[in-house]
$ cat input.txt   # compact mmCIF, C-alpha atoms and all ligand atoms
# COMPACT_ATOMS: atom_id res chain seq x y z
CA MET A 1 7.96 12.63 -12.24
CA ARG A 2 10.01 10.21 -14.30
CA ILE A 3 12.36 13.00 -15.39
CA ALA A 4 12.83 14.08 -11.76
CA LEU A 5 13.61 10.51 -10.72
CA GLU A 6 16.12 10.06 -13.50
CA ALA A 7 17.77 13.38 -12.64
CA GLN A 8 18.09 12.11 -9.06
CA ALA A 9 19.56 8.85 -10.31
CA VAL A 10 22.03 10.69 -12.52
CA ARG A 11 23.12 12.76 -9.52
CA ALA A 12 23.62 9.52 -7.53
CA LEU A 13 25.62 8.07 -10.40
CA MET A 14 27.77 11.22 -10.62
CA ARG A 15 28.42 10.96 -6.88
CA ASP A 16 29.39 7.32 -7.34
CA TRP A 17 31.70 8.20 -10.20
CA PHE A 18 33.17 11.01 -8.15
CA LEU A 19 33.85 8.55 -5.32
CA LEU A 20 35.42 6.09 -7.73
CA CYS A 21 37.52 8.84 -9.38
CA SER A 22 38.51 10.18 -5.96
CA LEU A 23 39.50 6.66 -5.01
CA SER A 24 41.58 6.18 -8.10
CA THR A 25 43.35 9.50 -7.59
CA GLY A 26 43.82 8.76 -3.90
CA THR A 27 41.98 11.87 -2.66
CA LEU A 28 39.77 9.85 -0.34
CA GLY A 29 42.75 8.53 1.53
CA SER A 30 42.43 4.92 0.29
CA SER A 31 45.69 5.37 -1.51
CA ARG A 32 46.60 1.69 -1.18
CA GLU A 33 43.51 0.66 -3.22
CA ALA A 34 43.99 3.53 -5.66
CA ARG A 35 47.63 2.69 -6.31
CA ALA A 36 46.77 -0.96 -6.78
CA LEU A 37 44.03 -0.13 -9.33
CA ARG A 38 46.36 2.20 -11.27
CA GLN A 39 49.00 -0.52 -11.39
CA GLY A 40 46.43 -3.02 -12.63
CA ILE A 41 46.61 -5.06 -9.41
CA GLN A 42 43.33 -6.67 -8.44
CA VAL A 43 41.56 -5.04 -5.51
CA THR A 44 38.26 -5.81 -3.88
CA ILE A 45 35.26 -3.50 -3.54
CA ALA A 46 35.19 -2.97 0.20
CA PRO A 47 32.08 -4.13 2.05
CA VAL A 48 30.17 -1.47 4.01
CA ILE A 49 29.70 -2.22 7.72
CA LEU A 50 27.12 -0.39 9.83
CA VAL A 51 28.28 -0.06 13.45
CA VAL A 52 25.32 0.55 15.80
CA GLU A 53 26.88 1.42 19.16
CA ASP A 54 26.10 4.18 21.68
CA ASP A 55 29.41 3.84 23.53
CA ARG A 56 31.29 6.43 21.44
CA ARG A 57 34.74 5.33 22.51
CA LEU A 58 34.07 1.70 21.66
CA ALA A 59 32.44 2.65 18.33
CA HIS A 60 35.52 4.65 17.38
CA VAL A 61 37.93 1.80 18.24
CA VAL A 62 35.80 -0.72 16.33
CA GLU A 63 35.61 1.56 13.29
CA MET A 64 39.37 2.10 13.29
CA ALA A 65 39.98 -1.66 13.45
CA LEU A 66 37.54 -2.34 10.58
CA GLN A 67 38.84 0.50 8.41
CA ASN A 68 42.35 -0.78 9.00
CA GLU A 69 41.21 -4.06 7.42
CA GLY A 70 39.93 -2.14 4.38
CA TYR A 71 36.20 -2.06 5.24
CA HIS A 72 34.04 1.02 4.83
CA THR A 73 32.13 1.88 7.99
CA ILE A 74 29.01 3.86 8.91
CA ASP A 75 28.55 4.63 12.57
CA VAL A 76 25.31 5.43 14.43
CA SER A 77 24.43 5.52 18.12
CA THR A 78 20.63 5.05 18.13
CA GLY A 79 18.20 2.45 16.88
CA GLN A 80 16.26 5.02 14.87
CA CYS A 81 19.38 6.09 12.97
CA ALA A 82 20.24 2.43 12.42
CA ILE A 83 16.87 1.86 10.70
CA THR A 84 17.40 4.90 8.47
CA GLU A 85 20.91 3.78 7.45
CA VAL A 86 19.78 0.20 6.77
CA ARG A 87 16.95 1.48 4.55
CA THR A 88 19.02 4.03 2.65
CA ARG A 89 22.62 2.77 2.61
CA ASN A 90 22.06 -0.98 2.36
CA PRO A 91 25.14 -2.07 4.35
CA ASP A 92 26.78 -5.47 3.82
CA LEU A 93 26.94 -6.24 7.55
CA VAL A 94 25.36 -4.75 10.68
CA LEU A 95 27.16 -4.82 14.06
CA LEU A 96 24.40 -4.27 16.61
CA ASP A 97 24.73 -3.36 20.27
CA LEU A 98 21.66 -4.45 22.28
CA GLY A 99 21.68 -1.68 24.90
CA LEU A 100 20.77 1.38 22.82
CA PRO A 101 19.31 4.62 24.24
CA ASP A 102 16.06 4.66 22.24
CA ILE A 103 15.13 1.13 21.11
CA ASP A 104 16.21 -2.19 22.57
CA GLY A 105 18.49 -3.96 20.09
CA LEU A 106 16.42 -7.15 20.29
CA ALA A 107 13.28 -5.21 19.34
CA LEU A 108 15.21 -3.63 16.47
CA LEU A 109 16.34 -6.94 14.96
CA PRO A 110 13.11 -7.82 13.09
CA THR A 111 12.94 -4.31 11.55
CA ILE A 112 16.50 -4.56 10.29
CA ARG A 113 15.84 -8.06 8.99
CA ALA A 114 12.67 -6.89 7.19
CA ASN A 115 14.63 -4.20 5.38
CA SER A 116 17.88 -5.95 4.61
CA ALA A 117 19.34 -9.35 3.82
CA ALA A 118 22.71 -8.29 5.28
CA PRO A 119 24.09 -10.48 8.08
CA ILE A 120 23.65 -9.06 11.59
CA MET A 121 26.21 -9.61 14.34
CA ILE A 122 25.13 -8.81 17.89
CA VAL A 123 27.90 -7.21 19.95
CA SER A 124 26.70 -7.07 23.53
CA GLY A 125 27.61 -7.19 27.19
CA ARG A 126 24.40 -9.09 27.93
CA GLY A 127 24.87 -12.68 27.10
CA ASP A 128 22.98 -15.32 29.03
CA ALA A 129 22.04 -18.36 26.98
CA MET A 130 18.35 -17.35 26.65
CA GLN A 131 19.28 -13.92 25.37
CA ARG A 132 21.58 -15.36 22.73
CA VAL A 133 18.96 -17.86 21.58
CA ARG A 134 16.37 -15.06 21.33
CA ALA A 135 18.76 -12.92 19.28
CA LEU A 136 19.59 -15.75 16.90
CA ASP A 137 15.90 -16.68 16.61
CA SER A 138 15.06 -13.06 15.79
CA GLY A 139 17.37 -13.00 12.79
CA ALA A 140 20.90 -12.38 14.13
CA ASP A 141 23.65 -14.37 12.43
CA ASP A 142 26.28 -14.24 15.15
CA TYR A 143 26.75 -13.07 18.75
CA LEU A 144 29.95 -11.57 20.12
CA MET A 145 30.23 -10.96 23.86
CA LYS A 146 31.76 -7.77 25.26
CA PRO A 147 34.52 -7.39 26.18
CA PHE A 148 36.11 -8.80 23.04
CA SER A 149 39.51 -8.46 21.42
CA LEU A 150 39.77 -6.52 18.17
CA PRO A 151 41.47 -9.41 16.31
CA GLU A 152 38.54 -11.63 17.33
CA LEU A 153 36.01 -9.07 16.09
CA VAL A 154 37.82 -8.69 12.77
CA ALA A 155 38.11 -12.47 12.33
CA ARG A 156 34.37 -12.95 13.02
CA VAL A 157 33.49 -10.12 10.60
CA ARG A 158 35.66 -11.64 7.88
CA ALA A 159 34.16 -15.12 8.43
CA ILE A 160 30.56 -13.91 8.43
CA LEU A 161 31.02 -11.83 5.25
CA ARG A 162 32.71 -14.72 3.46
CA SER A 163 30.03 -17.22 4.44
CA HIS A 164 27.27 -14.74 3.53
CA ALA A 165 28.82 -14.14 0.10
CA ARG A 166 28.82 -17.89 -0.49
CA VAL A 167 25.20 -18.28 0.60
CA ALA A 168 24.11 -15.26 -1.45
CA GLY A 169 25.87 -16.63 -4.50
CA GLY A 170 24.47 -20.13 -3.98
CA ASP A 171 27.17 -22.80 -3.95
CA ALA A 172 29.14 -20.79 -6.48
CA ILE A 173 31.74 -18.26 -5.39
CA THR A 174 32.03 -16.95 -8.93
CA VAL A 175 29.73 -16.52 -11.91
CA SER A 176 31.20 -16.34 -15.42
CA PHE A 177 29.70 -14.84 -18.55
CA GLY A 178 31.63 -14.31 -21.77
CA ASP A 179 35.20 -13.40 -20.75
CA TYR A 180 33.96 -11.98 -17.44
CA THR A 181 34.16 -13.54 -13.98
CA LEU A 182 32.27 -12.02 -11.08
CA ASP A 183 33.71 -13.08 -7.72
CA PHE A 184 31.18 -12.71 -4.87
CA VAL A 185 33.73 -13.35 -2.11
CA ALA A 186 36.58 -11.18 -3.42
CA ARG A 187 33.91 -8.69 -4.61
CA ARG A 188 35.37 -7.92 -8.00
CA LEU A 189 34.73 -8.35 -11.70
CA LEU A 190 37.50 -9.64 -13.92
CA HIS A 191 37.68 -9.40 -17.70
CA GLY A 192 40.19 -12.11 -18.47
CA GLU A 193 43.05 -11.26 -16.12
CA HIS A 194 42.11 -7.61 -15.71
CA GLN A 195 39.89 -6.10 -13.09
CA VAL A 196 36.99 -3.99 -14.34
CA PRO A 197 36.75 -0.85 -12.15
CA LEU A 198 33.20 -0.80 -10.77
CA SER A 199 31.68 1.49 -8.17
CA ILE A 200 30.16 -0.13 -5.08
CA THR A 201 26.64 0.40 -6.49
CA GLU A 202 27.54 -1.03 -9.89
CA PHE A 203 29.06 -4.09 -8.21
CA LYS A 204 25.98 -4.65 -6.04
CA LEU A 205 23.63 -4.29 -9.01
CA LEU A 206 25.61 -6.75 -11.09
CA ALA A 207 25.96 -9.17 -8.14
CA THR A 208 22.19 -9.11 -7.58
CA LEU A 209 21.64 -10.09 -11.23
CA ALA A 210 24.41 -12.70 -11.04
CA ARG A 211 22.70 -14.39 -8.09
CA HIS A 212 19.82 -15.18 -10.45
CA PRO A 213 21.73 -16.01 -13.65
CA ASP A 214 19.64 -16.25 -16.82
CA ARG A 215 16.54 -15.28 -14.84
CA MET A 216 14.49 -12.13 -15.04
CA VAL A 217 14.91 -9.97 -11.92
CA SER A 218 12.31 -7.25 -11.34
CA ALA A 219 13.36 -3.63 -11.03
CA ASP A 220 11.85 -3.59 -7.51
CA THR A 221 14.08 -6.50 -6.42
CA LEU A 222 17.13 -4.83 -7.95
CA LEU A 223 16.32 -1.59 -6.11
CA LYS A 224 15.77 -3.32 -2.77
CA GLU A 225 18.92 -5.46 -2.96
CA THR A 226 21.19 -2.78 -4.42
CA TRP A 227 20.04 0.49 -2.86
CA GLY A 228 17.87 -0.61 0.07
CA ALA A 229 14.18 -0.93 0.89
CA ALA A 230 13.60 2.85 0.92
CA TYR A 231 14.37 3.07 -2.82
CA GLN A 232 11.93 0.43 -3.97
CA HIS A 233 10.01 2.68 -6.37
CA LYS A 234 12.88 4.67 -7.87
CA ARG A 235 13.12 2.76 -11.11
CA GLY A 236 15.06 5.54 -12.81
CA TYR A 237 18.05 4.49 -10.70
CA VAL A 238 18.10 1.03 -12.27
CA ARG A 239 17.88 2.46 -15.80
CA VAL A 240 20.74 4.90 -15.24
CA TYR A 241 23.07 2.39 -13.56
CA MET A 242 22.25 -0.34 -16.05
CA HIS A 243 23.23 2.09 -18.80
CA ALA A 244 26.56 2.72 -17.03
CA LEU A 245 27.21 -1.02 -16.55
CA ARG A 246 26.47 -1.74 -20.20
CA ARG A 247 28.99 0.91 -21.25
CA LYS A 248 31.63 -0.88 -19.16
CA LEU A 249 30.74 -4.47 -20.08
CA GLU A 250 29.09 -4.65 -23.46
CA SER A 251 30.97 -4.33 -26.75
CA ASP A 252 27.85 -2.66 -28.20
CA PRO A 253 25.86 -1.14 -25.30
CA SER A 254 22.89 -0.42 -27.58
CA ARG A 255 22.61 -4.15 -28.38
CA PRO A 256 23.48 -5.76 -25.03
CA GLN A 257 24.64 -9.33 -25.02
CA PHE A 258 24.77 -9.84 -21.24
CA LEU A 259 22.59 -7.22 -19.52
CA VAL A 260 19.25 -7.79 -21.15
CA ASN A 261 16.13 -5.75 -20.43
CA GLU A 262 12.57 -6.97 -20.91
CA PRO A 263 10.41 -3.86 -20.73
CA GLY A 264 7.89 -3.99 -17.91
CA LEU A 265 9.44 -7.16 -16.47
CA GLY A 266 12.98 -6.35 -15.41
CA TYR A 267 16.54 -7.30 -16.26
CA ARG A 268 18.44 -10.53 -16.83
CA LEU A 269 22.12 -11.38 -16.77
CA ASN A 270 22.60 -13.61 -19.76
CA ILE A 271 25.36 -16.07 -18.84
CA SER A 272 24.64 -18.82 -21.35
CA GLY A 273 25.56 -16.48 -24.20
CA GLY A 274 22.35 -16.93 -26.19
CA CA B 301 25.15 0.21 24.71
$ encode --input "input.txt" --output "structure tokens"
Amino acid sequence: MRIALEAQAVRALMRDWFLLCSLSTGTLGSSREARALRQGIQVTIAPVILVVEDDRRLAHVVEMALQNEGYHTIDVSTGQCAITEVRTRNPDLVLLDLGLPDIDGLALLPTIRANSAAPIMIVSGRGDAMQRVRALDSGADDYLMKPFSLPELVARVRAILRSHARVAGGDAITVSFGDYTLDFVARRLLHGEHQVPLSITEFKLLATLARHPDRMVSADTLLKETWGAAYQHKRGYVRVYMHALRRKLESDPSRPQFLVNEPGLGYRLNISGG
């Protein structure tokens, strides 16, 4: 069982590495980011935005606008698919239409909230005051009325991600350990002046630990916050990715100074250097 899980985790890691390598060779089309990384210019790890919208034309336009700003997007047209993506892809932000063909968006809100800490922005044509209050009370973070302009959507997305990164990181925007600085808002890890190339998963795993500096974080919490609620028992994933992170960060990965494991308890990001 454990071997099977670890094999699965290794496959996930290989896919991640492939994505990162593809990015740095420009084969995924993000040539701007790839060029910047090759030239040693700092780039951010793009947030993933889940667009839940059954109007296909609108979904396409929204995705284009977000991708143009450098965000990664996932697009689904039903509530059921939205739940699956939230549980398995752990997006950084959910844009949620209320009028969906299978489940009412308002009824979907608590399920998304139960499975993810990501901010949720309602994008809807319905918008009387009561409706907005209900949505915000049910866990939505913002409410954008249709029709909207694309610059307004992009500005609201940027603002909500920035404020969420601040909240998630406490008052701090950055956490430093040794010569490293993890920036929650810019979503990057610097070693001195240089950016450490991390995959999206590696960044999320490290950011989860950095939100609880010097404290033990259980493997289950790391799985939920990094991969999503559906992965809560796949502990092999944490082992494999922690191994990869140590190889990138630690001078001696077999005797980690920063990414400390306490068997049976979890992992800790040691920022006080002891
Ligand atoms: Ca709709």
$ closest_atom_pairs --input "input.txt" --of "chain A" --to "ligand CA 301 (chain B)" --cutoff "9 Å" --atoms "only C-alpha atoms and all ligand atoms" --output "JSON lines"
{"residue": "A:Val52", "atom": "CA", "partner": "B:CA301", "partner_atom": "CA", "distance": 8.9}
{"residue": "A:Glu53", "atom": "CA", "partner": "B:CA301", "partner_atom": "CA", "distance": 5.9}
{"residue": "A:Asp54", "atom": "CA", "partner": "B:CA301", "partner_atom": "CA", "distance": 5.1}
{"residue": "A:Asp55", "atom": "CA", "partner": "B:CA301", "partner_atom": "CA", "distance": 5.7}
{"residue": "A:Ser77", "atom": "CA", "partner": "B:CA301", "partner_atom": "CA", "distance": 8.5}
{"residue": "A:Asp97", "atom": "CA", "partner": "B:CA301", "partner_atom": "CA", "distance": 5.7}
{"residue": "A:Leu98", "atom": "CA", "partner": "B:CA301", "partner_atom": "CA", "distance": 6.3}
{"residue": "A:Gly99", "atom": "CA", "partner": "B:CA301", "partner_atom": "CA", "distance": 4.0}
{"residue": "A:Leu100", "atom": "CA", "partner": "B:CA301", "partner_atom": "CA", "distance": 4.9}
{"residue": "A:Pro101", "atom": "CA", "partner": "B:CA301", "partner_atom": "CA", "distance": 7.3}
{"residue": "A:Ser124", "atom": "CA", "partner": "B:CA301", "partner_atom": "CA", "distance": 7.5}
{"residue": "A:Gly125", "atom": "CA", "partner": "B:CA301", "partner_atom": "CA", "distance": 8.2}
$ atom_distance --input "input.txt" --atom1 "CA of Pro256 (chain A)" --atom2 "CA of Ile173 (chain A)"
24.7 Å
$ closest_atom_pairs --input "input.txt" --of "region 45-118 of chain A" --to "region 147-161 of chain A" --cutoff "12 Å" --atoms "only C-alpha atoms" --output "CSV"
residue,atom,partner,partner_atom,distance
A:Ala46,CA,A:Leu161,CA,11.0
A:Pro47,CA,A:Leu161,CA,8.4
A:Val48,CA,A:Leu161,CA,10.5
A:Ile49,CA,A:Val157,CA,9.2
A:Leu50,CA,A:Val157,CA,11.7
A:Val51,CA,A:Val157,CA,11.7
A:Leu58,CA,A:Pro147,CA,10.2
A:Ala59,CA,A:Leu150,CA,11.7
A:His60,CA,A:Leu150,CA,12.0
A:Val61,CA,A:Leu150,CA,8.5
A:Val62,CA,A:Leu150,CA,7.3
A:Glu63,CA,A:Leu150,CA,10.3
A:Met64,CA,A:Leu150,CA,9.9
A:Ala65,CA,A:Leu150,CA,6.8
A:Leu66,CA,A:Val154,CA,6.7
A:Gln67,CA,A:Val154,CA,10.2
A:Asn68,CA,A:Val154,CA,9.9
A:Glu69,CA,A:Val154,CA,7.8
A:Gly70,CA,A:Val154,CA,10.9
A:Tyr71,CA,A:Arg158,CA,10.0
A:Pro91,CA,A:Leu161,CA,11.4
A:Asp92,CA,A:Leu161,CA,7.8
A:Leu93,CA,A:Leu161,CA,7.3
A:Val94,CA,A:Val157,CA,9.7
A:Leu95,CA,A:Val157,CA,9.0
A:Ala118,CA,A:Leu161,CA,9.0
$ residues_around --input "input.txt" --residues "Leu209 (chain A)" --least-positions-apart "6" --cutoff "9 Å" --atoms "only C-alpha atoms" --output "list in words"
Arg215, Met216, Val217, Leu222, Leu259, Tyr267, Arg268 and Leu269 of chain A
$ residues_around --input "input.txt" --residues "Ala140 (chain A)" --least-positions-apart "4" --cutoff "9 Å" --atoms "all atoms listed in the file" --output "PDB file with C-alpha atoms, keeping the file's coordinate frame"
ATOM      1  CA  LEU A 109      16.340  -6.940  14.960  1.00  0.00           C
ATOM      2  CA  ARG A 113      15.840  -8.060   8.990  1.00  0.00           C
ATOM      3  CA  PRO A 119      24.090 -10.480   8.080  1.00  0.00           C
ATOM      4  CA  ILE A 120      23.650  -9.060  11.590  1.00  0.00           C
ATOM      5  CA  MET A 121      26.210  -9.610  14.340  1.00  0.00           C
ATOM      6  CA  ILE A 122      25.130  -8.810  17.890  1.00  0.00           C
ATOM      7  CA  ARG A 134      16.370 -15.060  21.330  1.00  0.00           C
ATOM      8  CA  ALA A 135      18.760 -12.920  19.280  1.00  0.00           C
ATOM      9  CA  LEU A 136      19.590 -15.750  16.900  1.00  0.00           C
TER      10      LEU A 136
END
$ closest_residue --input "input.txt" --among "A:Ala244, A:Ile112, A:Leu182, A:Ala107" --to "Asn90 (chain A)" --atoms "all atoms listed in the file"
A:Ile112
$ closest_atom_pairs --input "input.txt" --of "region 186-212 of chain A" --to "region 85-89 of chain A" --cutoff "12 Å" --atoms "all atoms listed in the file" --output "JSON lines"
{"residue": "A:Ile200", "atom": "CA", "partner": "A:Arg89", "partner_atom": "CA", "distance": 11.2}
{"residue": "A:Thr201", "atom": "CA", "partner": "A:Arg89", "partner_atom": "CA", "distance": 10.2}
{"residue": "A:Lys204", "atom": "CA", "partner": "A:Arg89", "partner_atom": "CA", "distance": 11.9}
$ residues_near_point --input "input.txt" --point "(42.7, -12.4, -21.3)" --cutoff "12 Å" --atoms "all atoms listed in the file" --output "list in words"
Gly178, Asp179, Tyr180, Thr181, Leu190, His191, Gly192, Glu193, His194 and Gln195 of chain A
$ residues_around --input "input.txt" --residues "Thr208 (chain A)" --least-positions-apart "3" --cutoff "12 Å" --atoms "only C-alpha atoms" --output "number ranges by chain"
A: 117, 165, 168-170, 175, 182, 184, 201-205, 211-227, 238, 267-269
$ residues_around --input "input.txt" --residues "Pro253 (chain A)" --least-positions-apart "6" --cutoff "8 Å" --atoms "all atoms listed in the file" --output "list in words"
His243, Arg246 and Arg247 of chain A
$ atom_distance --input "input.txt" --atom1 "CA of His233 (chain A)" --atom2 "CA of Gly264 (chain A)"
13.5 Å
$ atom_distance --input "input.txt" --atom1 "CA of Leu144 (chain A)" --atom2 "CA of Gly228 (chain A)"
25.8 Å
$ closest_residue --input "input.txt" --among "A:Ala114, A:Leu106, A:Ala210, A:Leu198" --to "Val133 (chain A)" --atoms "only C-alpha atoms"
A:Leu106
$ closest_residue --input "input.txt" --among "A:Gly139, A:Thr78, A:Arg235, A:Arg188" --to "Leu265 (chain A)" --atoms "all atoms listed in the file"
A:Arg235
